[in-house]
Amino acid sequence: MINKNLNKLSEQYLFSEIGKIIKSRQNVINLSVGDVKLPLPSAVVEAGKKAAEELKYKQTFRGYPPETGYDFFKRAVISYYNCRGTIIDESEVFASDGIKSDMSLFLNVIEQGKVLLPSPCYPAYIDANILRGNELEFYDGFPPKAPDIIIICSPDNPTGRAMSRIELTEWVAYARKNNSLILYDAAYEAFITNDAPRSIYEIDGARECAVEFCSLSKTAGFTGVRCGYTIVPKECGLNAAWRRVKSCLSNGVSYITQRMAECALTEALSETMSNVKYYADNAAIMAEALSGAEFSGGQNSPYIWLKCGDSYKEFYKLLDEFGLGVTPGIGFGQGGEGYVRINAFCTRDDAVTAAERLKQYSSLR
Ligand code: PLP
């Protein structure tokens with residue numbers, strides 16, 4: 001009766017397990033779960049209030065939203081892409097309540113098959129694909145036997161690495177040559193400050209082979225509000241199928257939420273981006289304290305992926321001797337052993353204190 005794939009999931013979701021351990025200690029700066037700390041810009045909250053007010057009156061009341069999103073929301077997403085010179089059509093934008101759920105819903109569009117994942121990777125990819133009955137393969141480069149689906153996250157969680165234009169071009173060419181579909185997670189695109197692509201559609205040919213998932217969670221502090229979007233270009237041949245799946249498995253995103261998201265991506269965009277910069281600066285402060293240590297991220301990303309040795313041993317060391325709650329790298333898969341992930345979604349005071357502690361930690365190694 002029960003989905004037998006459930007037995008293949010690891011017992012606990014990484015972040016719940018680590019969260020409990022960190023909570024059991026006192027006076028710890030929690031740099032583990034990547035949750036935002038800054039409040040929403042007041043214009044965004046006002047947009048939500050105004051939308052709620054509209055629901056009070058017969059003339060402006062709204063029931064079920066369109067399953068794929070309101071036009072005003074799609075236009076806001078399009079303008080957010082246009083600012084960077086990437087052209088998307090309204091019919092290619094689908095509102096979602098975030099990447100985690102939409103990517104797993106999207107797996108219903110594709111036949112079960114072989115999925116190529118980075119190792120280490122964001123653990124939700126693994127669980128969603130196991131539940132769907134897909135065969136997992138972890139990559140380090142291009143496997144000779146091509147997979148059906150390739151998951152790419154850039155800037156990556158947990159390694160903090162943003163793929164260069166050249167690397168991403170190679171992945172797009174590989175996918176096209178082998179008829180694979182790329183599921184591209186752009187959750188952290190707003191953190192990119194160098195020439196790395198912020199969207200896979202900056203790469204020629206990507207519209208034929210890639211679906212892009214993005215979210216306002218980290219970009220606009222919406223981890224609690226819940227809003228994201230998925231871009232399914234017409235050329236990849238899955239647009240109509242996704243529309244069908246989306247409308248049978250989801251009833252869309254609330255009007256209030258989409259109005260708030262519209263505001264975050266348009267009228268309040270400069271505040272949205274200055275909040276992103278706040279976290280990016282936190283990451284830079286901590287990365288500077290680690291100079292001399294081996295790590296990736298710290299720029300173009302809110303994460304620092306620190307090479308340290310046995311990841312659970314170093315997790316406990318940082319926790320109990322330095323008052324820092326991080327995430328053991330092994331929690332992101334075998335490829336994460338030997339590392340810990342430090343996230344910069346904290347207050348500036350915590351980032352500065354954490355930087356001092358990280359300096360001490362790394363000087364004692
Ligand atoms: N994708 C990556 C790579 C993430 O790190 C996270 C959250 O930490 C998510 C997706 C989840 O995004 P959302 O809040 O939109 O579901």
# chains A, B, ... in the order shown; residues from 1 in each chain; ligands from 1
>>> residues_near_ligand(ligand="ligand 1", cutoff="6 Å", atoms="only C-alpha atoms and all ligand atoms", output="ChimeraX atom specification")
/A:34,98-100,122,157,185,187,215,217,223,228
>>> residues_around(residues="region 105-116 of chain A", least_positions_apart="2", cutoff="6 Å", atoms="only C-alpha atoms", output="CSV table (one decimal) with C-alpha atoms, in the first residue's frame")
chain,number,residue,atom,x,y,z
A,102,ASP,CA,7.7,22.8,-7.6
A,103,MET,CA,10.8,20.8,-8.6
A,134,ASN,CA,14.2,7.7,-10.2
A,135,GLU,CA,17.6,6.1,-10.3
A,136,LEU,CA,20.3,8.5,-8.8
A,137,GLU,CA,23.8,9.0,-10.1
A,138,PHE,CA,26.2,11.5,-8.6
A,147,PRO,CA,21.2,10.6,-17.8
A,148,ASP,CA,17.6,11.6,-18.5
A,149,ILE,CA,17.7,14.5,-16.1
A,150,ILE,CA,20.6,16.6,-14.9
>>> closest_atom_pairs(of="region 112-183 of chain A", to="region 198-201 of chain A", cutoff="12 Å", atoms="only C-alpha atoms", output="JSON lines")
{"residue": "A:Ile152", "atom": "CA", "partner": "A:Ile200", "partner_atom": "CA", "distance": 9.8}
{"residue": "A:Cys153", "atom": "CA", "partner": "A:Ile200", "partner_atom": "CA", "distance": 10.2}
{"residue": "A:Ser154", "atom": "CA", "partner": "A:Arg198", "partner_atom": "CA", "distance": 8.1}
{"residue": "A:Pro155", "atom": "CA", "partner": "A:Arg198", "partner_atom": "CA", "distance": 8.5}
{"residue": "A:Asp156", "atom": "CA", "partner": "A:Arg198", "partner_atom": "CA", "distance": 11.9}
{"residue": "A:Ala162", "atom": "CA", "partner": "A:Arg198", "partner_atom": "CA", "distance": 9.0}
{"residue": "A:Met163", "atom": "CA", "partner": "A:Arg198", "partner_atom": "CA", "distance": 9.4}
{"residue": "A:Ser164", "atom": "CA", "partner": "A:Arg198", "partner_atom": "CA", "distance": 10.0}
{"residue": "A:Arg165", "atom": "CA", "partner": "A:Ile200", "partner_atom": "CA", "distance": 9.2}
{"residue": "A:Ile166", "atom": "CA", "partner": "A:Ile200", "partner_atom": "CA", "distance": 11.7}
{"residue": "A:Glu167", "atom": "CA", "partner": "A:Ile200", "partner_atom": "CA", "distance": 11.1}
{"residue": "A:Leu168", "atom": "CA", "partner": "A:Ile200", "partner_atom": "CA", "distance": 7.5}
{"residue": "A:Thr169", "atom": "CA", "partner": "A:Ile200", "partner_atom": "CA", "distance": 8.8}
{"residue": "A:Glu170", "atom": "CA", "partner": "A:Ile200", "partner_atom": "CA", "distance": 11.7}
{"residue": "A:Trp171", "atom": "CA", "partner": "A:Ile200", "partner_atom": "CA", "distance": 10.1}
{"residue": "A:Val172", "atom": "CA", "partner": "A:Ile200", "partner_atom": "CA", "distance": 8.6}
{"residue": "A:Ile182", "atom": "CA", "partner": "A:Ile200", "partner_atom": "CA", "distance": 9.5}
{"residue": "A:Leu183", "atom": "CA", "partner": "A:Ile200", "partner_atom": "CA", "distance": 9.9}
>>> closest_residue(among="A:Ala344, A:Leu324, A:Ile231, A:Ala240", to="Lys37 (chain A)", atoms="only C-alpha atoms")
A:Ala344
>>> residues_around(residues="Lys234 (chain A)", least_positions_apart="5", cutoff="9 Å", atoms="only C-alpha atoms", output="PyMOL selection string")
chain A and resi 89+91-92+207-208+239-240
>>> write_last_selection(atoms="N, CA and C atoms", output="PDB file, in the first residue's frame")
ATOM      1  N   ASP A  89       8.901  34.705 -22.156  1.00  0.00           N
ATOM      2  CA  ASP A  89       7.519  35.009 -22.515  1.00  0.00           C
ATOM      3  C   ASP A  89       6.602  34.701 -21.323  1.00  0.00           C
ATOM      4  N   SER A  91       3.883  33.166 -21.170  1.00  0.00           N
ATOM      5  CA  SER A  91       3.370  31.794 -21.157  1.00  0.00           C
ATOM      6  C   SER A  91       4.399  30.792 -20.626  1.00  0.00           C
ATOM      7  N   GLU A  92       5.629  31.267 -20.414  1.00  0.00           N
ATOM      8  CA  GLU A  92       6.695  30.368 -19.933  1.00  0.00           C
ATOM      9  C   GLU A  92       6.924  30.484 -18.431  1.00  0.00           C
ATOM     10  N   ARG A 207      17.340  27.124 -23.922  1.00  0.00           N
ATOM     11  CA  ARG A 207      15.866  27.083 -24.002  1.00  0.00           C
ATOM     12  C   ARG A 207      15.378  25.729 -24.532  1.00  0.00           C
ATOM     13  N   GLU A 208      16.237  25.032 -25.263  1.00  0.00           N
ATOM     14  CA  GLU A 208      15.845  23.727 -25.820  1.00  0.00           C
ATOM     15  C   GLU A 208      15.941  22.611 -24.791  1.00  0.00           C
ATOM     16  N   ASN A 239       6.293  22.617 -22.083  1.00  0.00           N
ATOM     17  CA  ASN A 239       5.474  23.711 -21.562  1.00  0.00           C
ATOM     18  C   ASN A 239       4.012  23.293 -21.390  1.00  0.00           C
ATOM     19  N   ALA A 240       3.437  22.678 -22.412  1.00  0.00           N
ATOM     20  CA  ALA A 240       2.018  22.302 -22.340  1.00  0.00           C
ATOM     21  C   ALA A 240       1.802  21.188 -21.320  1.00  0.00           C
TER      22      ALA A 240
END
>>> residues_around(residues="Pro120 (chain A)", least_positions_apart="4", cutoff="12 Å", atoms="only C-alpha atoms", output="PyMOL selection string")
chain A and resi 116+124-126+137-140+151-153+156-161+305+328-341
>>> decode(residues="region 121-222 of chain A", atoms="C-alpha atoms", output="PDB file, in the first residue's frame")
ATOM      1  CA  CYS A 121      23.900  18.601  -3.083  1.00  0.00           C
ATOM      2  CA  TYR A 122      20.790  20.141  -1.550  1.00  0.00           C
ATOM      3  CA  PRO A 123      19.193  17.073   0.141  1.00  0.00           C
ATOM      4  CA  ALA A 124      15.643  17.743  -1.114  1.00  0.00           C
ATOM      5  CA  TYR A 125      16.724  16.769  -4.665  1.00  0.00           C
ATOM      6  CA  ILE A 126      17.631  13.308  -3.420  1.00  0.00           C
ATOM      7  CA  ASP A 127      14.408  12.742  -1.492  1.00  0.00           C
ATOM      8  CA  ALA A 128      12.147  13.996  -4.302  1.00  0.00           C
ATOM      9  CA  ASN A 129      13.830  11.756  -6.862  1.00  0.00           C
ATOM     10  CA  ILE A 130      13.833   8.715  -4.588  1.00  0.00           C
ATOM     11  CA  LEU A 131      10.113   9.159  -3.914  1.00  0.00           C
ATOM     12  CA  ARG A 132       9.493   9.416  -7.631  1.00  0.00           C
ATOM     13  CA  GLY A 133      11.383   6.150  -8.178  1.00  0.00           C
ATOM     14  CA  ASN A 134      14.201   7.676 -10.190  1.00  0.00           C
ATOM     15  CA  GLU A 135      17.648   6.141 -10.325  1.00  0.00           C
ATOM     16  CA  LEU A 136      20.260   8.455  -8.835  1.00  0.00           C
ATOM     17  CA  GLU A 137      23.759   8.988 -10.111  1.00  0.00           C
ATOM     18  CA  PHE A 138      26.172  11.488  -8.580  1.00  0.00           C
ATOM     19  CA  TYR A 139      28.500  13.402 -10.823  1.00  0.00           C
ATOM     20  CA  ASP A 140      31.932  14.682 -10.903  1.00  0.00           C
ATOM     21  CA  GLY A 141      32.171  15.736 -14.505  1.00  0.00           C
ATOM     22  CA  PHE A 142      30.272  14.392 -17.497  1.00  0.00           C
ATOM     23  CA  PRO A 143      29.378  10.676 -17.309  1.00  0.00           C
ATOM     24  CA  PRO A 144      29.859   8.782 -20.573  1.00  0.00           C
ATOM     25  CA  LYS A 145      26.372   7.293 -20.368  1.00  0.00           C
ATOM     26  CA  ALA A 146      24.050  10.273 -20.401  1.00  0.00           C
ATOM     27  CA  PRO A 147      21.237  10.583 -17.820  1.00  0.00           C
ATOM     28  CA  ASP A 148      17.619  11.576 -18.537  1.00  0.00           C
ATOM     29  CA  ILE A 149      17.719  14.457 -16.088  1.00  0.00           C
ATOM     30  CA  ILE A 150      20.610  16.601 -14.880  1.00  0.00           C
ATOM     31  CA  ILE A 151      20.190  18.747 -11.779  1.00  0.00           C
ATOM     32  CA  ILE A 152      22.395  21.818 -11.611  1.00  0.00           C
ATOM     33  CA  CYS A 153      22.360  24.400  -8.851  1.00  0.00           C
ATOM     34  CA  SER A 154      24.259  27.632  -9.383  1.00  0.00           C
ATOM     35  CA  PRO A 155      25.333  29.323  -7.193  1.00  0.00           C
ATOM     36  CA  ASP A 156      25.404  25.983  -5.532  1.00  0.00           C
ATOM     37  CA  ASN A 157      24.135  24.930  -2.158  1.00  0.00           C
ATOM     38  CA  PRO A 158      26.205  23.795  -0.270  1.00  0.00           C
ATOM     39  CA  THR A 159      29.508  24.578  -2.034  1.00  0.00           C
ATOM     40  CA  GLY A 160      28.768  28.238  -2.751  1.00  0.00           C
ATOM     41  CA  ARG A 161      30.263  27.866  -6.224  1.00  0.00           C
ATOM     42  CA  ALA A 162      28.690  29.732  -9.139  1.00  0.00           C
ATOM     43  CA  MET A 163      29.173  28.037 -12.485  1.00  0.00           C
ATOM     44  CA  SER A 164      31.147  30.051 -15.002  1.00  0.00           C
ATOM     45  CA  ARG A 165      29.709  30.831 -18.414  1.00  0.00           C
ATOM     46  CA  ILE A 166      32.096  28.297 -19.948  1.00  0.00           C
ATOM     47  CA  GLU A 167      31.121  25.484 -17.555  1.00  0.00           C
ATOM     48  CA  LEU A 168      27.424  26.080 -18.043  1.00  0.00           C
ATOM     49  CA  THR A 169      27.856  26.233 -21.819  1.00  0.00           C
ATOM     50  CA  GLU A 170      29.490  22.799 -21.652  1.00  0.00           C
ATOM     51  CA  TRP A 171      26.571  21.385 -19.637  1.00  0.00           C
ATOM     52  CA  VAL A 172      24.040  22.786 -22.090  1.00  0.00           C
ATOM     53  CA  ALA A 173      25.970  21.274 -25.018  1.00  0.00           C
ATOM     54  CA  TYR A 174      26.193  17.900 -23.209  1.00  0.00           C
ATOM     55  CA  ALA A 175      22.450  17.912 -22.428  1.00  0.00           C
ATOM     56  CA  ARG A 176      21.527  18.806 -26.003  1.00  0.00           C
ATOM     57  CA  LYS A 177      23.829  16.212 -27.485  1.00  0.00           C
ATOM     58  CA  ASN A 178      22.393  13.487 -25.250  1.00  0.00           C
ATOM     59  CA  ASN A 179      18.757  14.563 -25.141  1.00  0.00           C
ATOM     60  CA  SER A 180      18.904  15.123 -21.391  1.00  0.00           C
ATOM     61  CA  LEU A 181      16.800  17.669 -19.547  1.00  0.00           C
ATOM     62  CA  ILE A 182      18.508  20.110 -17.182  1.00  0.00           C
ATOM     63  CA  LEU A 183      16.607  21.119 -14.052  1.00  0.00           C
ATOM     64  CA  TYR A 184      18.382  24.327 -13.144  1.00  0.00           C
ATOM     65  CA  ASP A 185      18.053  25.634  -9.594  1.00  0.00           C
ATOM     66  CA  ALA A 186      18.689  29.375  -9.533  1.00  0.00           C
ATOM     67  CA  ALA A 187      17.655  29.912  -5.886  1.00  0.00           C
ATOM     68  CA  TYR A 188      20.780  32.009  -5.222  1.00  0.00           C
ATOM     69  CA  GLU A 189      21.126  33.843  -8.565  1.00  0.00           C
ATOM     70  CA  ALA A 190      20.638  37.227  -6.882  1.00  0.00           C
ATOM     71  CA  PHE A 191      23.948  36.757  -5.042  1.00  0.00           C
ATOM     72  CA  ILE A 192      26.000  36.714  -8.231  1.00  0.00           C
ATOM     73  CA  THR A 193      28.128  39.808  -8.609  1.00  0.00           C
ATOM     74  CA  ASN A 194      30.631  38.692 -11.249  1.00  0.00           C
ATOM     75  CA  ASP A 195      30.204  37.526 -14.847  1.00  0.00           C
ATOM     76  CA  ALA A 196      28.703  34.119 -13.932  1.00  0.00           C
ATOM     77  CA  PRO A 197      25.254  33.592 -15.542  1.00  0.00           C
ATOM     78  CA  ARG A 198      22.278  34.437 -13.320  1.00  0.00           C
ATOM     79  CA  SER A 199      19.975  32.415 -15.520  1.00  0.00           C
ATOM     80  CA  ILE A 200      20.712  29.351 -17.630  1.00  0.00           C
ATOM     81  CA  TYR A 201      18.919  31.125 -20.489  1.00  0.00           C
ATOM     82  CA  GLU A 202      21.950  33.393 -20.811  1.00  0.00           C
ATOM     83  CA  ILE A 203      23.500  30.365 -22.516  1.00  0.00           C
ATOM     84  CA  ASP A 204      22.691  29.733 -26.196  1.00  0.00           C
ATOM     85  CA  GLY A 205      20.637  26.580 -26.675  1.00  0.00           C
ATOM     86  CA  ALA A 206      19.475  26.368 -23.045  1.00  0.00           C
ATOM     87  CA  ARG A 207      15.866  27.083 -24.002  1.00  0.00           C
ATOM     88  CA  GLU A 208      15.845  23.727 -25.820  1.00  0.00           C
ATOM     89  CA  CYS A 209      17.010  21.646 -22.871  1.00  0.00           C
ATOM     90  CA  ALA A 210      16.510  23.422 -19.549  1.00  0.00           C
ATOM     91  CA  VAL A 211      13.812  24.301 -17.064  1.00  0.00           C
ATOM     92  CA  GLU A 212      14.718  26.958 -14.506  1.00  0.00           C
ATOM     93  CA  PHE A 213      13.456  27.057 -10.925  1.00  0.00           C
ATOM     94  CA  CYS A 214      13.706  30.220  -8.925  1.00  0.00           C
ATOM     95  CA  SER A 215      12.360  31.518  -5.658  1.00  0.00           C
ATOM     96  CA  LEU A 216      11.819  34.667  -3.669  1.00  0.00           C
ATOM     97  CA  SER A 217      12.812  32.774  -0.503  1.00  0.00           C
ATOM     98  CA  LYS A 218      16.418  33.944  -0.384  1.00  0.00           C
ATOM     99  CA  THR A 219      16.133  36.789  -2.893  1.00  0.00           C
ATOM    100  CA  ALA A 220      13.336  38.641  -1.117  1.00  0.00           C
ATOM    101  CA  GLY A 221      13.095  37.117   2.366  1.00  0.00           C
ATOM    102  CA  PHE A 222      10.047  35.014   1.425  1.00  0.00           C
TER     103      PHE A 222
END
